[in-house]
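Participant: Please see the structure below; I have some questions.
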Amino acid sequence: MRLLSASLRHVRQHRQLDLRFDPRLTLIGGANESGKSTLVEALHKGLFLKANASGRGVEELRSRRHAGLPEVAIEFEAGGRHWRLRKRFAGASGTCQLSDGRDVVLSGPAAEEHLAGLLGMEKLVEGRRIGQLPERWAHLWVRQGEAGANVLDGPAESYDLARLVEQLQRRGRGSALESPLDRQVIEQLRQRLEPLFTATGRVRAGSPLALARHQEEAARQELDKARQRQRDLEQAMEELREIGERLEAIERLERPALERQRQRQAERRPLQAEAEQQRQRLEGLRQVCRQLDDLEAQIERQRQEQQQQQARVLAQRQELGALEQQLQSRQERRRQLASDQRQRQQVLERLRWQLDLHQLEREARQLAEHRQQFERLQQQATGVKQALAALAPIGPAAVNELRTAEQEWLQAETRLQAMATAVQLLETDQPVRLEGRPLAKGESRQLADGALLEVGSGVRLRISPGGGEAVGEARWKRDLCRQRLEKQLTGLGVENSAAAEAIASRRQGLETELANLRQAATTIPWARLEQQIAALAPRRQRLQEALAASSSATAPADSSPEPAPGPEQLEGELEQLRQEERERREEQERLEAELQGLERRRQQGLESLERDQARLQQLSGSSQTLDQRRQALEENHGRRVDLAVQLAAAQASLEAREQALAALQGDRPEGEDSLGQQQRRLEQEKDQLLTRRGQNEERCLSLGSGDPAAEEEQRLVAWEMARAERRAVEEEAEALQLLARLFEEMRSDLSHRYSEPLAEAISSYLQDLDLPGWATDQQGKSNEQGKFFLPTLSFDPRQGFADLRLREGEESFAFEQLSGGMREQLSGALRLAIAEVLKPAYDDVLPLIFDDAFTAADPERLEGVRRMIRRGSERGTQIILLSCTPADYTDLVAAMGSHLELPAAHASSA
Amino acid sequence: MPTFLHTADWQIGKPYARVTDPDKRSRLRQVRLEAIERIGARAAGASFLVVAGDLFDSPTPARSDLSAVCAAIGKLGLPVLVIPGNHDHGAPGSVWHSEAFRAERERRAPNLQLLLERKPVELAEAVVLPCPLLRRIDSADPCAWLHQLAWSELPAGKARIVLAHGAVQDFRPGDLDPLASAQAGSQADAQAGAGNRLRLDADWLSEVDYVALGDWHGLQQVGPSIWYSGTPEPDRFPRSDDYRAGQVLQVSVERGTPPSVTPLETGRIGWHPLRFHCRKEDDLPRLEQQIDALVGERVGSDLLLLELEGSLSLLGQERLQELLERLRAQLLRLKLRGGCDLMPAPSELAALTERPGDPLVARVALRLQEQLILSDRHRDRDADGDGMSDGLSEATVLRQALVELHRLVREAA
C-alpha cells in the first residue's frame with residue numbers, strides 16, 4: 001500500500017491542502033502550528049475512521065476558521081490498483097467513496113468495508129469506539145510526541161501481529177508456529193487441567209485429584225480404625241481368656257491349696273505349744289549355762305587381774321627400794337659437798353689474808369720509796385735556790401731596759417755619725433793631721449764639729465761640718481744615752497746587755513727547774529705519809545697473827561719452810577678455788593633437784609602401791625562373792641556337766657517337735673492371719689476378675705458385632721483402591737501437566753523463529769545509528785570486544801512480541817531503561833523493521849509516517865537516523881517525514897525523495 | 001466300616017473385599033453358604049461330618065451368617081463336629097461362646113457339636129480327638145494333649161480320628177507365602193503361619209487312624225492317614241497346577257486299618273489364572289480365545305487372574321482396555337497383575353510426530369518419545385520395578401502422556 005496523494009478540505013487550519021507523496025521519501029516541512037500533525041491525523045482518520053462517525057474523533061478534524069465539513073481525499077495504491085478515497089465527515093450523514101478509477105466504484109458502508117479489506121482490517125473504527133482508532137496501524141503512524149513509545153506495548157492488533165507473524169513465517173524457516181489442531185489440543189489440555197490445578201499450579205480444592213487424595217487419606221484412617229477395632233477385639237478376647245484361666249486357677253488350685261493350709265495350721269497348734277514349752281525350758285537351761293559361763297569367765301578374769309596386781313605391787317616395791325638407795329647416795333654426796341665447802345672456805349680465807357699481807361707489804365714499800373724521793377727533791381731544790389741566790393737579780397725586764405738603753409745610744413751615735421763630715425786621706429806626701437792627730441794614708445775620719453786639718457806643714461784647714469746646732473744636739477743626746485747606759489750597766493754589774501741576758505736566762509732555767517721539782521713533790525702523797533706508814537704496822541700485825549693462827553690450826557704440816565707463795569700464784573689458786581666452788585654449787589643444785597624428783601617419785605610410788613594394794617584386797621573380796629554365786633547356781637541347777645546333758649535332751653525334744661511342725665507346715669510359711677488375708681485377697685481378685693470378665697464379654701460383644709475382621713479386610717481393600725485411584729488420577733494429572741509443559745516449551749521454542757528474524761531486521765537498521773562500538777563493525781554480526789548492541793525480543797503467539805531489549809555484551813537493557821533519544825531511535829528501527837517485514841502483505845510497500853519523530857537525537861546521531869531512514873526507503877518502505885526542522889533532512893531528500901513545505905498557518909487559511 | 005465326611009475352611013462370611021461390585025460380593029458369599037448344602041448332597045452313607053476349623057472367616061461373624069450356617073447345618077441331618085480354627089478361634093468372646101450361637105444352635109442345629117475342649121469325644125462309630133484352636137495365635141501345639149492321653153482307656157474297637165487345624169511340620173504349602181496369604185485371605189493368615197504349628201508326632205500318630213486337618217485350602221495328603229480336605233468352595237487363585245480346592249473328603253475308616261479317602265466335588269465358582277504375553281494388538285484375539293476357553297459364556301460365576309506381560313501399541317492398549325471392561329462385567333472378578341507396557345506402533349508414532357502442519361503436537365510427541373526411550377534405558381539399568389512404591393515412575397507418566405496426546409489429537413482431528 002502506497003500513499004500517492006492527499007487532499008484536505010476544511011480540516012482544522014487547512015482550508016484546502018493538496019499534497020503528492022514521493023513513492024520513496026517525502027519530507028514535509030513546516031513550522032509549528034502549520035498543520036503537520038493535523039495532516040497526519042487526517043490521513044489516519046481518512047483511512048481508518050468511518051465517515052459517518054461522530055463525536056470527538058470527528059470534532060477534532062473540524063475547522064473553526066473555515067466553514068464547511070472536513071473532507072479528506074486520499075489516493076493510494078493497494079491490491080495492485082490505484083484507489084481514490086474520499087471521505088466527508090458529516091456526522092451521521094458522513095460519506096465515503098472509493099473507486100479504483102476503473103470498474104470499482106463504491107460508496108457508503110460498502111466502500112468502507114472494501115477499504116478495511118485493503119488495509120488488512122475487518123472494519124473501520126466507529127465513532128463511538130474512537131478509543132480503538134490509535135491502535136490502527138500504530139506501527140506506521142508515528143505521531144508527534146509518541147516517537148519514544150514502544151509500539152509492542154500496545155495490543156497485538158495495533159502492530160498487525162497476525163500478518164506480521166505470517167510474514168515472519170514466510171520470511172523465516174517457513175514452519176508454522178502452531179496449527180488450529182495444535183491450538184485445539186492445547187485448549188483441551190487446558191480444559192482438562194483447569195479443574196485439577198489452580199493458576200499457580202496447586203491442586204485445586206474439590207478437584208478429582210484433591211478428592212482422590214482426600215479419599216485415600218480417609219480410607220487409610222478408616223483402615224486404621226478398623227485395624228484398631230480388630231486389635232481391640234483380639235485384645236479383649238485374649239484378656240477374657242486370661243481372666244478365665246486365672247479364675248480357673250483360683251477355683252481349682254489356689255483356693256483348695258489355701259484350705260489345706262488352714263487344716264494343717266489347725267493340726268499344728270498343740271504341737272506348737274509343746275514346742276514352745278520345750279523352747280522355753282531350753283531357753284532357761286541355756287540361760288543358767290550362760291550365767292555359769294559368765295561367772296566362770298568373770299572369776300577367771302578377776303584371778304588374772306589379781307595376779308597382775310600382785311606382780312605390779314611387787315614391782316612397785318622394788319622400784320621404791322631402788323629409789324630409797326638413790327636418795328641416800330644423793331644425800332651422802334650432798335653432805336660431802338658441804339664439808340668440802342667448809343674446808344675450801346678456810347683455805348680461801350688464808351689465801352685472802354696472804355694476799356692482803358702481800359698488798360700491805362707493797363704499800364709499805366711504796367710509802368718508803370715516796371719518802372726517799374721527797375727527800376731527794378728537797379735537796380735538789382736547795383741546790384737550785386743557792387745557785388739562784390748567787391746570780392745577779394737580773395730579770396728579763398732589766399735585760400729589756402738595758403737593751404733599750406743600748407739601742408738608744410747606738411741610735412744617737414749613728415745620727416751623730418750621719419751628721420758628721422767624713423775626711424779620708426787618699427794620698428799624701430806630707431803628714432797630715434787632723435785636730436791634731438795624724439791622719440794615716442787611707443784613713444777616714446768623721447767630723448762632728450769643726451776640726452783643723454793640717455797638711456804637712458803649711459797647710460791648715462778648718463773643716464766645719466753642716467747642720468749647725470743639730471750636731472751639737474746629737475752629740476748631747478749621744479752622751480746622755482751613754483751615761484744612762486753606763487749607769488744601768490754599772491747598776492747591774494754587767495758589761496753589756498748580752499751578759500745581762502745570759503744571766504737572766506740562767507736564772508729563768510733555775511727557776512723552771514725549781515718549779516719542776518715542786519711539781520714532782522706535789523705528785524708524792526707526802527702529806528700523811530708517815531701516818532700511813534705507821535698505820536700499816538697494826539694491820540700487818542693482825543694479818544700475821546691470823547695467818548699464824550690459821551696455819552697452825554688447819555695445816556700444821558703445811559707450815560713447811562717452803563717459800564711463801566707469790567701473789568700471782570695465790571691469785572691463781574684463788575681463782576681455781578672459786579671455779580671449784582662454782583662447780584660444786586652447781587652439782588649441789590643438781591643434786592637438790594634430783595633429790596626432789598626422787599622424793600616425788602617415791603611419794604607417787606607409795607600412793608600407787610597403796611591403791612594397788614587396795615584393789616588387790618577388793619579383788620579378793622569380789623572373787624569370794626563370785627565363788628559364792630557360782631556355788632549357789634550349782635546348788636540350784638546342778639553342775640555344769642549335768643546341765644549340758646539336760647540341754648542336749650531338751651534340744652533333741654525341741655527338734656523332734658519342730659520337725660513334726662515342719663511336716664505340717666507345707667510350702668507356705670505364713671501364719672494364720674496371712675492365710676486369712678490370702679483367702680480374702682483371692683476372693684477379691686475373683687470378684688474383680690468376674691467383673692472384668694463381664695466387662696470384657698460386653699466389649700467383645702460390642703466390638704465383634706460388625707465382624708471387625710471382615711471390616712478390616714474391606715477397609716484394607718478400600719484403602720488400596722483409593723490409593724490406586726489416587727495414583728491413577730495423579731498419573732493422569734501428571735501426564736496432562738507434562739503435556740501442557742511440553743506444549744508450552746515447544747511453543748516458546750518455536751516463537752524464537754519469529755522473534756529472531758524481527759530482531760535481525762531491527763538490527764539491520766540499528767547498525768545505521770552508529771552506536772558506540774558499532775563503528776568498527778558495521779555489520780553488527782560480531783564484535784571481538786563484545787561491545788555491540790543487539791536488539792532482543794520475546795514472542796508469545798497469544799500475547800505477541802514483548803520484552804524488547806538492547807543487549808550489550810553480557811548486559812541487557814529493557815526499552816524503558818534506555819535514554820529518550822535511544823528509545824526514539826530504537827522505536828524507529830522497530831517500525832522500519834515491521835514495515836519491511838509486513839510489506840509483502842501489502843503489495844510490497846507500506847507507508848511509514850514520522851511526525852517529528854527524532855527530536856531527541858543529537859546532531860551526530862541524526863546522521864545515523866538519516867542513514868536508517870535512507871535504508872528503510874531503499875528497502876521499499878514509503879517514508880513520510882514531517883519535521884519542523886526540515887533542513888536536517890534536505891540533503892537526504894535531495895538525493896532520493898521530494899520535499900514539500902507546508903504553508904504557514906495564515907497562508908493556508910487564505 | 002464307618003464312613004464320615006471331612007471338610008474344613010468353609011470361611012463363611014469371607015468379605016471378598018476386592019470384589020468391588022456388592023452384588024458379586026454377596027454372590028460369592030452366598031456360594032460359600034450354599035457349599036454346606038452341596039456337602040450335604042455328598043453325605044449319603046456318612047454317619048457324621050467333621051469340620052476341621054475355620055468354619056467362619058472370623059471369630060465374630062455376622063449374626064445373619066451365624067443363623068444361615070446353623071440353618072444349613074441343621075438341614076444336613078447328620079452329626080456335625082466342629083473345632084475352631086485360627087480364623088474363628090475359640091477364645092472367650094468369640095462366636096462360639098456367644099449367647100447368640102447357643103440359641104441358634106439350639107434352635108436350628110442341634111446336630112452341631114462344638115468341640116472346645118481337648119478331650120476324647122466318643123461317638124457311636126468312632127472316637128474323635130479334637131485339637132481346637134482357642135487363640136488366634138498359639139505357640140503351643142494344640143495336639144500336645146495327645147501325648148498325655150491314656151490310649152488304653154479309649155474304646156478299643158472304635159476308629160480314632162484326630163481333628164486339628166493349622167500348618168504341619170512336614171507340609172508347608174508353597175503358596176502359603178505371605179503375599180499370597182495376604183491377598184487370598186486376611187492378613188491374619190500370614191501371621192498365623194508362625195504360630196499354630198501342629199506337631200504330628202509319631203508316638204500318638206501310631207495310635208490314631210485318621211487325622212482330619214484344616215487350614216490349607218487345597219486338597220492335600222500329608223501322610224498315609226493325614227489329610228487336608230481343602231475348602232469346599234475355592235476362594236483363591238491357584239498358584240500351582242496341583243492345587244485342588246472345592247471338594248469334601250469322604251473317609252471310611254476302621255480301627256487299625258488304613259482309611260479309604262475319596263474327594264467329592266463341591267466347588268461351584270471358577271478361579272482361573274491366566275498368564276499372557278502381548279506382543280502386538282493382533283495377539284488380543286488370541287487372549288480372548290484363551291479366556292473364552294476358561295470362562296466360556298458363563299456370566300457371574302468365574303474369577304480370572306490375568307497376568308499380563310509384554311507391550312502393546314496405543315491402539316492395542318485401547319482394545320485391551322475394552323476387552324478388560326467386557327471381562328469385568330462378565331466375571332465376578334478380574335484381577336490384573338503386571339500389565340502391558342505401552343509401545344506405540346511406528347505408524348502411531350509417525351501419526352503423531354510426522355505432522356508438519358501441527359508443529360506443536362509433532363514436537364511434543366517427538367519429545368515424549370525421546371524421553372520415554374531415555375527413561376526405559378534408565379529403568380533397565382536401575383531395574384527398580386517396585387510397582388508398589390507410592391511415587392509415579394517417570395516412564396509411567398511419559399506413557400500416560402503419550403496415550404493422552406494420542407487421544408487428544410484423535411479427538412481434535
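Scheme for the C-alpha cells: letters A, B, ... for chains in order shown; per-chain residue numbers from 1; ligand numbers from 1 in order shown.
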Using only C-alpha atoms, find each residue of chain A with at least one atom at most 8 Å away from an atom of chain B; report its shortest atom-to-atom pair and that distance in Å (one decimal), sort the rows by chain and rising residue number, and return the result as JSON lines.
Facilitator:
{"residue": "A:Ser175", "atom": "CA", "partner": "B:Pro359", "partner_atom": "CA", "distance": 7.7}
{"residue": "A:Ala176", "atom": "CA", "partner": "B:Pro359", "partner_atom": "CA", "distance": 6.8}
{"residue": "A:Leu177", "atom": "CA", "partner": "B:Pro359", "partner_atom": "CA", "distance": 6.8}
{"residue": "A:Glu178", "atom": "CA", "partner": "B:Pro359", "partner_atom": "CA", "distance": 5.8}
{"residue": "A:Ser179", "atom": "CA", "partner": "B:Asp358", "partner_atom": "CA", "distance": 5.0}
{"residue": "A:Pro180", "atom": "CA", "partner": "B:Asp358", "partner_atom": "CA", "distance": 7.7}
{"residue": "A:Leu181", "atom": "CA", "partner": "B:Asp358", "partner_atom": "CA", "distance": 6.4}
{"residue": "A:Asp182", "atom": "CA", "partner": "B:Asp358", "partner_atom": "CA", "distance": 5.6}
{"residue": "A:Gln184", "atom": "CA", "partner": "B:Ala412", "partner_atom": "CA", "distance": 6.4}
{"residue": "A:Val185", "atom": "CA", "partner": "B:Leu408", "partner_atom": "CA", "distance": 6.0}
{"residue": "A:Gln188", "atom": "CA", "partner": "B:Leu408", "partner_atom": "CA", "distance": 7.4}
{"residue": "A:Leu189", "atom": "CA", "partner": "B:Leu408", "partner_atom": "CA", "distance": 8.0}
{"residue": "A:Ala236", "atom": "CA", "partner": "B:Gly93", "partner_atom": "CA", "distance": 7.7}
{"residue": "A:Met237", "atom": "CA", "partner": "B:Gly93", "partner_atom": "CA", "distance": 5.4}
{"residue": "A:Glu238", "atom": "CA", "partner": "B:Ala91", "partner_atom": "CA", "distance": 7.0}
{"residue": "A:Leu240", "atom": "CA", "partner": "B:Pro92", "partner_atom": "CA", "distance": 5.7}
{"residue": "A:Arg241", "atom": "CA", "partner": "B:Pro92", "partner_atom": "CA", "distance": 5.6}
{"residue": "A:Asn696", "atom": "CA", "partner": "B:Gly93", "partner_atom": "CA", "distance": 7.7}
{"residue": "A:Glu697", "atom": "CA", "partner": "B:Gly93", "partner_atom": "CA", "distance": 5.6}
{"residue": "A:Cys700", "atom": "CA", "partner": "B:Gly93", "partner_atom": "CA", "distance": 5.2}
{"residue": "A:Leu701", "atom": "CA", "partner": "B:Gly93", "partner_atom": "CA", "distance": 6.8}
{"residue": "A:Gly704", "atom": "CA", "partner": "B:Thr60", "partner_atom": "CA", "distance": 5.0}
{"residue": "A:Ser705", "atom": "CA", "partner": "B:Ala62", "partner_atom": "CA", "distance": 6.7}
{"residue": "A:Gly706", "atom": "CA", "partner": "B:Ala62", "partner_atom": "CA", "distance": 6.2}
{"residue": "A:Asp707", "atom": "CA", "partner": "B:Pro61", "partner_atom": "CA", "distance": 5.0}
{"residue": "A:Pro708", "atom": "CA", "partner": "B:Thr60", "partner_atom": "CA", "distance": 7.4}
{"residue": "A:Ala709", "atom": "CA", "partner": "B:Ser58", "partner_atom": "CA", "distance": 5.9}
{"residue": "A:Ala710", "atom": "CA", "partner": "B:Pro15", "partner_atom": "CA", "distance": 5.4}
{"residue": "A:Glu711", "atom": "CA", "partner": "B:Pro15", "partner_atom": "CA", "distance": 7.9}
{"residue": "A:Glu713", "atom": "CA", "partner": "B:Ser186", "partner_atom": "CA", "distance": 6.2}
{"residue": "A:Gln714", "atom": "CA", "partner": "B:Ala17", "partner_atom": "CA", "distance": 4.7}
{"residue": "A:Val717", "atom": "CA", "partner": "B:Arg18", "partner_atom": "CA", "distance": 5.9}
{"residue": "A:Ala718", "atom": "CA", "partner": "B:Ala17", "partner_atom": "CA", "distance": 7.8}
{"residue": "A:Arg727", "atom": "CA", "partner": "B:Leu392", "partner_atom": "CA", "distance": 7.4}
{"residue": "A:Glu731", "atom": "CA", "partner": "B:Val397", "partner_atom": "CA", "distance": 5.8}
{"residue": "A:Glu732", "atom": "CA", "partner": "B:Gln400", "partner_atom": "CA", "distance": 6.7}
{"residue": "A:Glu734", "atom": "CA", "partner": "B:Val397", "partner_atom": "CA", "distance": 6.4}
{"residue": "A:Ala735", "atom": "CA", "partner": "B:Ala401", "partner_atom": "CA", "distance": 4.2}
{"residue": "A:Leu736", "atom": "CA", "partner": "B:Ala401", "partner_atom": "CA", "distance": 6.2}
{"residue": "A:Leu738", "atom": "CA", "partner": "B:Ala401", "partner_atom": "CA", "distance": 6.8}
{"residue": "A:Leu739", "atom": "CA", "partner": "B:Ala401", "partner_atom": "CA", "distance": 6.2}
{"residue": "A:Leu742", "atom": "CA", "partner": "B:Val364", "partner_atom": "CA", "distance": 5.8}
{"residue": "A:Phe743", "atom": "CA", "partner": "B:Val364", "partner_atom": "CA", "distance": 6.1}
{"residue": "A:Met746", "atom": "CA", "partner": "B:Leu360", "partner_atom": "CA", "distance": 6.0}
{"residue": "A:Arg747", "atom": "CA", "partner": "B:Leu360", "partner_atom": "CA", "distance": 6.6}
Participant: Kindly give the distance, in Å, that separates CA of Ala315 (chain A) and CA of Arg334 (chain A), rounded to a single decimal.
Facilitator: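 Atom-to-atom, CA of Ala315 (chain A) to CA of Arg334 (chain A), that is 28.7 Å.
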Participant: Which residues, written as a ChimeraX atom specification, have at least one atom at most 7 Å from Gly79 (chain A), with only C-alpha atoms counted and residues fewer than 2 positions away on the same chain left out?
Facilitator: /A:77,81,118,843
Participant: For those residues, write N, CA and C atoms to a file as an mmCIF file, in the first residue's frame.
Facilitator:
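As a result, out.cif now contains:
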data_model
loop_
_atom_site.group_PDB
_atom_site.id
_atom_site.type_symbol
_atom_site.label_atom_id
_atom_site.label_comp_id
_atom_site.auth_asym_id
_atom_site.auth_seq_id
_atom_site.Cartn_x
_atom_site.Cartn_y
_atom_site.Cartn_z
ATOM 1 N N GLU A 77 -2.179 3.260 -3.618
ATOM 2 C CA GLU A 77 -2.110 2.001 -4.359
ATOM 3 C C GLU A 77 -2.260 0.867 -3.367
ATOM 4 N N ARG A 81 -3.916 -1.910 -7.394
ATOM 5 C CA ARG A 81 -4.712 -0.904 -8.083
ATOM 6 C C ARG A 81 -4.471 0.466 -7.480
ATOM 7 N N LEU A 118 -8.723 -3.656 2.165
ATOM 8 C CA LEU A 118 -7.456 -3.256 1.547
ATOM 9 C C LEU A 118 -6.405 -2.954 2.604
ATOM 10 N N ASP A 843 1.188 -5.388 -0.950
ATOM 11 C CA ASP A 843 1.720 -5.004 -2.269
ATOM 12 C C ASP A 843 3.159 -4.540 -2.198
#
Participant: Would you give me, as a PyMOL selection string, the residues in region 248-460 of chain A that DSSP reads as alpha helix (DSSP H)?
Facilitator: chain A and resi 248-249+255-390+396-419
Participant: Write out, as a compact mmCIF listing (two decimals), in the first residue's frame, the residues just selected, with C-alpha atoms.
Facilitator:
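Okay, this is what ended up in result.txt:
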# COMPACT_ATOMS: atom_id res chain seq x y z
CA GLU A 248 -9.96 -71.47 86.95
CA ALA A 249 -6.59 -71.41 88.63
CA ARG A 255 -8.47 -71.96 96.90
CA PRO A 256 -8.12 -75.69 97.71
CA ALA A 257 -4.46 -75.09 98.50
CA LEU A 258 -5.39 -72.40 100.96
CA GLU A 259 -7.99 -74.66 102.53
CA ARG A 260 -5.47 -77.43 103.01
CA GLN A 261 -3.14 -75.00 104.56
CA ARG A 262 -5.71 -73.91 107.05
CA GLN A 263 -6.29 -77.52 108.06
CA ARG A 264 -2.65 -78.12 108.61
CA GLN A 265 -2.49 -75.00 110.64
CA ALA A 266 -5.17 -76.32 112.98
CA GLU A 267 -3.17 -79.52 113.46
CA ARG A 268 -0.05 -77.63 114.19
CA ARG A 269 -1.36 -75.59 117.09
CA PRO A 270 -0.90 -78.12 120.02
CA LEU A 271 2.42 -79.17 118.62
CA GLN A 272 3.48 -75.59 118.51
CA ALA A 273 2.51 -75.12 122.17
CA GLU A 274 4.62 -78.12 123.20
CA ALA A 275 7.48 -76.93 121.17
CA GLU A 276 7.10 -73.56 122.75
CA GLN A 277 7.33 -75.11 126.22
CA GLN A 278 10.38 -77.06 125.27
CA ARG A 279 11.83 -74.00 123.78
CA GLN A 280 11.26 -72.06 126.99
CA ARG A 281 12.79 -74.78 129.10
CA LEU A 282 15.71 -74.99 126.77
CA GLU A 283 16.00 -71.28 126.94
CA GLY A 284 16.01 -71.42 130.80
CA LEU A 285 18.73 -74.03 130.79
CA ARG A 286 20.70 -72.14 128.29
CA GLN A 287 20.38 -69.05 130.39
CA VAL A 288 21.71 -70.85 133.51
CA CYS A 289 24.55 -72.21 131.45
CA ARG A 290 25.25 -68.80 130.12
CA GLN A 291 25.21 -67.38 133.69
CA LEU A 292 27.60 -70.04 134.82
CA ASP A 293 29.82 -69.45 131.91
CA ASP A 294 29.70 -65.78 132.59
CA LEU A 295 30.57 -66.28 136.24
CA GLU A 296 33.45 -68.53 135.50
CA ALA A 297 34.73 -66.20 132.97
CA GLN A 298 34.40 -63.39 135.45
CA ILE A 299 36.22 -65.35 138.12
CA GLU A 300 38.94 -66.18 135.72
CA ARG A 301 39.23 -62.60 134.68
CA GLN A 302 39.44 -61.49 138.31
CA ARG A 303 42.02 -64.07 139.11
CA GLN A 304 44.14 -62.92 136.27
CA GLU A 305 43.69 -59.36 137.35
CA GLN A 306 44.68 -60.26 140.92
CA GLN A 307 47.85 -61.84 139.68
CA GLN A 308 48.64 -58.87 137.61
CA GLN A 309 48.00 -56.61 140.60
CA GLN A 310 50.27 -58.57 142.82
CA ALA A 311 53.00 -58.52 140.27
CA ARG A 312 52.58 -54.83 139.94
CA VAL A 313 52.73 -54.27 143.74
CA LEU A 314 55.92 -56.26 143.87
CA ALA A 315 57.46 -54.34 141.08
CA GLN A 316 56.46 -51.13 142.68
CA ARG A 317 58.02 -52.06 145.95
CA GLN A 318 61.28 -52.92 144.25
CA GLU A 319 61.19 -49.69 142.46
CA LEU A 320 60.65 -47.87 145.76
CA GLY A 321 63.67 -49.59 147.29
CA ALA A 322 65.84 -48.52 144.42
CA LEU A 323 64.56 -45.03 144.82
CA GLU A 324 65.49 -45.03 148.54
CA GLN A 325 69.00 -46.06 147.69
CA GLN A 326 69.35 -43.39 145.15
CA LEU A 327 68.07 -40.87 147.66
CA GLN A 328 70.58 -41.94 150.26
CA SER A 329 73.51 -41.81 147.89
CA ARG A 330 72.46 -38.36 146.83
CA GLN A 331 72.19 -37.13 150.38
CA GLU A 332 75.65 -38.54 151.22
CA ARG A 333 77.07 -36.70 148.34
CA ARG A 334 75.36 -33.56 149.49
CA ARG A 335 76.88 -33.84 152.95
CA GLN A 336 80.35 -34.46 151.48
CA LEU A 337 79.97 -31.43 149.30
CA ALA A 338 79.06 -29.32 152.30
CA SER A 339 82.17 -30.37 154.24
CA ASP A 340 84.37 -29.78 151.24
CA GLN A 341 83.00 -26.33 151.06
CA ARG A 342 83.89 -25.52 154.64
CA GLN A 343 87.48 -26.59 154.08
CA ARG A 344 87.70 -24.64 150.93
CA GLN A 345 86.32 -21.62 152.74
CA GLN A 346 89.23 -21.76 155.23
CA VAL A 347 91.82 -22.09 152.50
CA LEU A 348 90.20 -19.26 150.73
CA GLU A 349 90.33 -17.18 153.87
CA ARG A 350 94.01 -17.84 154.31
CA LEU A 351 94.71 -17.11 150.76
CA ARG A 352 92.94 -13.82 151.11
CA TRP A 353 94.91 -12.97 154.19
CA GLN A 354 98.12 -13.82 152.48
CA LEU A 355 97.11 -11.68 149.60
CA ASP A 356 96.24 -8.86 151.95
CA LEU A 357 99.63 -9.20 153.57
CA HIS A 358 101.26 -9.01 150.21
CA GLN A 359 99.26 -5.95 149.44
CA LEU A 360 100.30 -4.43 152.71
CA GLU A 361 103.98 -5.04 152.07
CA ARG A 362 103.65 -3.49 148.68
CA GLU A 363 102.06 -0.43 150.16
CA ALA A 364 104.82 -0.16 152.77
CA ARG A 365 107.46 -0.34 150.10
CA GLN A 366 105.77 2.30 148.04
CA LEU A 367 105.48 4.63 151.01
CA ALA A 368 109.18 4.29 151.77
CA GLU A 369 110.01 4.96 148.19
CA HIS A 370 107.93 8.09 148.29
CA ARG A 371 109.72 9.29 151.34
CA GLN A 372 113.14 8.86 149.68
CA GLN A 373 112.01 10.64 146.55
CA PHE A 374 110.76 13.56 148.56
CA GLU A 375 113.95 13.97 150.37
CA ARG A 376 115.92 13.89 147.10
CA LEU A 377 113.72 16.59 145.65
CA GLN A 378 114.22 18.80 148.67
CA GLN A 379 117.99 18.51 148.33
CA GLN A 380 117.86 19.46 144.63
CA ALA A 381 115.71 22.46 145.41
CA THR A 382 118.11 23.73 147.96
CA GLY A 383 120.91 23.47 145.37
CA VAL A 384 118.94 25.44 142.82
CA LYS A 385 117.97 28.06 145.38
CA GLN A 386 121.60 28.60 146.21
CA ALA A 387 122.56 28.96 142.51
CA LEU A 388 119.83 31.47 142.11
CA ALA A 389 120.96 33.38 145.03
CA ALA A 390 124.47 33.52 143.53
CA PRO A 396 114.06 39.79 131.65
CA ALA A 397 112.65 43.31 132.27
CA ALA A 398 116.04 44.57 133.29
CA VAL A 399 117.54 42.98 130.24
CA ASN A 400 114.95 44.72 128.11
CA GLU A 401 115.67 48.07 129.75
CA LEU A 402 119.31 47.62 129.16
CA ARG A 403 118.79 46.61 125.56
CA THR A 404 116.65 49.68 125.03
CA ALA A 405 119.21 51.89 126.50
CA GLU A 406 121.89 50.40 124.33
CA GLN A 407 119.80 50.86 121.23
CA GLU A 408 119.04 54.47 122.15
CA TRP A 409 122.73 55.10 122.49
CA LEU A 410 123.53 53.42 119.26
CA GLN A 411 120.81 55.34 117.51
CA ALA A 412 122.14 58.62 118.89
CA GLU A 413 125.59 57.69 117.89
CA THR A 414 124.51 56.76 114.39
CA ARG A 415 122.65 60.01 113.95
CA LEU A 416 125.71 61.89 115.09
CA GLN A 417 127.80 59.97 112.67
CA ALA A 418 125.40 60.78 109.87
CA MET A 419 125.60 64.48 110.58
Participant: Figure out the distance between CA of Ala351 (chain B) and CA of Ala733 (chain A), please, to one decimal in Å.
Facilitator: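 Separation between CA of Ala733 (chain A) and CA of Ala351 (chain B): 23.8 Å.
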Participant: One number please: CA of Gln11 (chain B) to CA of Asp54 (chain B), in Å, one decimal.
Facilitator: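 Taking CA of Gln11 (chain B) as the start and CA of Asp54 (chain B) as the end point, the length is 5.6 Å.
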Participant: Extract, using only C-alpha atoms, all DNA, RNA and protein residues at most 8 Å from Gly91 (chain A), discarding same-chain residues fewer than 6 positions from it, and format them as a ChimeraX atom specification.
Facilitator: /A:51-55,58
Participant: Can you spit out the residues from that selection as a CSV table (one decimal), in the first residue's frame, using N, CA and C atoms?
Facilitator:
chain,number,residue,atom,x,y,z
A,51,ALA,N,-16.8,7.2,8.0
A,51,ALA,CA,-17.1,8.6,7.6
A,51,ALA,C,-18.3,9.1,8.3
A,52,ASN,N,-19.2,8.2,8.7
A,52,ASN,CA,-20.4,8.6,9.4
A,52,ASN,C,-20.2,8.7,10.9
A,53,ALA,N,-18.9,8.6,11.3
A,53,ALA,CA,-18.6,8.7,12.7
A,53,ALA,C,-18.9,10.1,13.2
A,54,SER,N,-19.2,10.2,14.5
A,54,SER,CA,-19.4,11.5,15.1
A,54,SER,C,-18.6,11.5,16.4
A,55,GLY,N,-18.7,12.6,17.1
A,55,GLY,CA,-18.0,12.6,18.4
A,55,GLY,C,-16.6,13.2,18.3
A,58,VAL,N,-14.3,13.1,15.1
A,58,VAL,CA,-14.6,14.0,14.0
A,58,VAL,C,-14.5,15.4,14.4
Participant: Can you pull out the residues contacting Val168 (chain B)? Cut-off 12 Å, using only C-alpha atoms, and skip same-chain residues under 4 positions away; I want them as an MDAnalysis selection string.
Facilitator: chainID B and resid 141:143 164 172:173 193:201 211:216 220:223 226:228
Participant: Give me the residues within 7 Å of region 250-267 of chain B as a PyMOL selection string, counting only C-alpha atoms and dropping any in the same chain fewer than 5 places off.
Facilitator: chain B and resi 1-6+35+38-39+157-160+209-210+225+232-234
Participant: Quick one: residues within 8 Å of Leu766 (chain A), only C-alpha atoms, excluding same-chain residues fewer than 2 positions away - as a PyMOL selection string?
Facilitator: chain A and resi 762-764+768-771+825-826+829+868
